[in-house]
Amino acid sequence: MSHLGPHSDSSSADGARSRAASQEEAAPNPRGRTDLPPVPVAVSPTEKFREFLITRGQRLTPERRITVEEVFADHEHFDVETLAERLAAKSDGRRVSRSSVYRHVAAMEEAGLIRKIARQDDRDLYEHSYGYPHHDHLICRETGELIEFRSPELDAILERVAAEHGFRVEGHRLEVYGLSREARKPRPRRHSKLDRV
Ligand SMILES: [Zn+2]
């Protein structure tokens, strides 16, 4: 799939990088970066979750509400373990047990609010699918950096391939693995005793 190489997508990747760089201090975790503008939604994620729960005969309990609000408080990529740690550590009556967080996150995924994007350090990474445009990821295997991109050319290729197979596309997930520009930079040599000899 040479179409997905750094050349065809360099413009948006560069844009993403400079924006990401300016956010560096706010978001030190490289995999937390999100680069695309959100899409407006009529119904809040919490309401959307409530509607989904009703279809299963369940209620939006305070715990479920706290979990969905915490997840949608910002647009970062997240892993459930970190989220669970954060919610289990809350003291202001907003504490949610770890096992509950895992259950609520699974329900939110089923509801189409979030989606799994990658596995990193033995943890599943999630991101918002509700209120965020569809996109794909370039994933650096060295630094864990996630670069988000959208490619109409890629969508067109997939549509064409699907049409050849009489297949109707409902969605796709693409993760491209490799080394980011950052990871490929030559590292400054450390001064060792040998250098001074
Ligand atoms: Zn993403």
# chains A, B, ... in the order shown; residues from 1 in each chain; ligands from 1
>>> closest_atom_pairs(of="chain A", to="ligand 1", cutoff="8 Å", atoms="only C-alpha atoms and all ligand atoms", output="JSON lines")
{"residue": "A:Thr34", "atom": "CA", "partner": "ligand 1", "partner_atom_place_in_ligand_line": "1 (Zn)", "distance": 6.1}
{"residue": "A:Asp35", "atom": "CA", "partner": "ligand 1", "partner_atom_place_in_ligand_line": "1 (Zn)", "distance": 7.8}
{"residue": "A:His77", "atom": "CA", "partner": "ligand 1", "partner_atom_place_in_ligand_line": "1 (Zn)", "distance": 6.8}
{"residue": "A:Ile117", "atom": "CA", "partner": "ligand 1", "partner_atom_place_in_ligand_line": "1 (Zn)", "distance": 7.2}
{"residue": "A:Glu127", "atom": "CA", "partner": "ligand 1", "partner_atom_place_in_ligand_line": "1 (Zn)", "distance": 6.1}
{"residue": "A:His128", "atom": "CA", "partner": "ligand 1", "partner_atom_place_in_ligand_line": "1 (Zn)", "distance": 7.9}
{"residue": "A:His135", "atom": "CA", "partner": "ligand 1", "partner_atom_place_in_ligand_line": "1 (Zn)", "distance": 6.4}
{"residue": "A:Asp136", "atom": "CA", "partner": "ligand 1", "partner_atom_place_in_ligand_line": "1 (Zn)", "distance": 6.5}
{"residue": "A:His137", "atom": "CA", "partner": "ligand 1", "partner_atom_place_in_ligand_line": "1 (Zn)", "distance": 6.2}
{"residue": "A:Leu146", "atom": "CA", "partner": "ligand 1", "partner_atom_place_in_ligand_line": "1 (Zn)", "distance": 7.3}
{"residue": "A:Ile147", "atom": "CA", "partner": "ligand 1", "partner_atom_place_in_ligand_line": "1 (Zn)", "distance": 7.5}
{"residue": "A:Glu148", "atom": "CA", "partner": "ligand 1", "partner_atom_place_in_ligand_line": "1 (Zn)", "distance": 5.3}
>>> select_by_dssp(residues="range 48-185 of chain A", states="helix (DSSP H, G or I)", output="number ranges by chain")
A: 48-55, 62-71, 80-88, 98-110, 152-164, 181-184
>>> residues_around(residues="range 41-44 of chain A", least_positions_apart="5", cutoff="12 Å", atoms="only C-alpha atoms", output="ChimeraX atom specification")
/A:49-51,65,68-69,72-73,113,129-133
>>> closest_atom_pairs(of="range 61-90 of chain A", to="range 94-103 of chain A", cutoff="10 Å", atoms="only C-alpha atoms", output="CSV")
residue,atom,partner,partner_atom,distance
A:Pro62,CA,A:Arg94,CA,8.3
A:Glu63,CA,A:Val96,CA,6.0
A:Arg64,CA,A:Val101,CA,8.2
A:Arg65,CA,A:Arg94,CA,9.7
A:Ile66,CA,A:Arg94,CA,6.6
A:Thr67,CA,A:Val101,CA,6.7
A:Val68,CA,A:Val101,CA,9.6
A:Val80,CA,A:Tyr102,CA,6.7
A:Glu81,CA,A:Arg98,CA,8.1
A:Thr82,CA,A:Arg98,CA,9.9
A:Leu83,CA,A:Val101,CA,7.8
A:Ala84,CA,A:Arg98,CA,5.0
A:Glu85,CA,A:Arg98,CA,7.0
A:Arg86,CA,A:Arg95,CA,8.7
A:Leu87,CA,A:Val96,CA,5.3
A:Ala88,CA,A:Val96,CA,5.2
A:Ala89,CA,A:Arg95,CA,6.5
A:Lys90,CA,A:Arg95,CA,4.7
>>> write_last_selection(atoms="C-alpha atoms", output="compact mmCIF listing (two decimals), in the first residue's frame")
# COMPACT_ATOMS: atom_id res chain seq x y z
CA PRO A 62 -24.47 7.75 38.56
CA GLU A 63 -21.45 5.45 38.02
CA ARG A 64 -22.17 5.12 34.32
CA ARG A 65 -22.71 8.84 34.02
CA ILE A 66 -19.41 9.61 35.76
CA THR A 67 -17.57 7.20 33.46
CA VAL A 68 -19.01 8.59 30.23
CA VAL A 80 -8.95 1.66 30.21
CA GLU A 81 -6.42 0.86 32.89
CA THR A 82 -5.38 4.49 33.23
CA LEU A 83 -9.00 5.62 33.17
CA ALA A 84 -9.89 3.03 35.81
CA GLU A 85 -7.01 4.15 38.01
CA ARG A 86 -8.17 7.74 37.73
CA LEU A 87 -11.79 6.96 38.53
CA ALA A 88 -10.95 4.56 41.35
CA ALA A 89 -8.84 7.28 42.96
CA LYS A 90 -11.56 9.94 43.00
>>> residues_around(residues="range 167-183 of chain A", least_positions_apart="5", cutoff="6 Å", atoms="only C-alpha atoms", output="number ranges by chain")
A: 136-141, 162
>>> write_last_selection(atoms="C-alpha atoms", output="short mmCIF file (atom, residue, chain, number, x, y, z; two decimals), in the first residue's frame")
data_model
loop_
_atom_site.label_atom_id
_atom_site.label_comp_id
_atom_site.auth_asym_id
_atom_site.auth_seq_id
_atom_site.Cartn_x
_atom_site.Cartn_y
_atom_site.Cartn_z
CA ASP A 136 -6.89 6.39 10.41
CA HIS A 137 -3.62 6.16 12.28
CA LEU A 138 0.10 6.06 11.67
CA ILE A 139 1.61 4.40 14.73
CA CYS A 140 5.25 4.69 15.67
CA ARG A 141 6.48 1.42 17.12
CA ALA A 162 -15.35 -3.33 -2.34
#
>>> closest_residue(among="A:Leu53, A:Glu47, A:Glu145, A:His165", to="His104 in chain A", atoms="only C-alpha atoms")
A:Leu53
>>> atom_distance(atom1="CA of Leu36 in chain A", atom2="CA of Phe149 in chain A")
8.0 Å
>>> closest_residue(among="A:Asp92, A:Asp121, A:Glu142, A:Asp155", to="Lys185 in chain A", atoms="only C-alpha atoms")
A:Glu142
>>> atom_distance(atom1="CA of Pro45 in chain A", atom2="CA of Arg115 in chain A")
13.5 Å
>>> atom_distance(atom1="CA of Pro37 in chain A", atom2="CA of Val161 in chain A")
28.7 Å
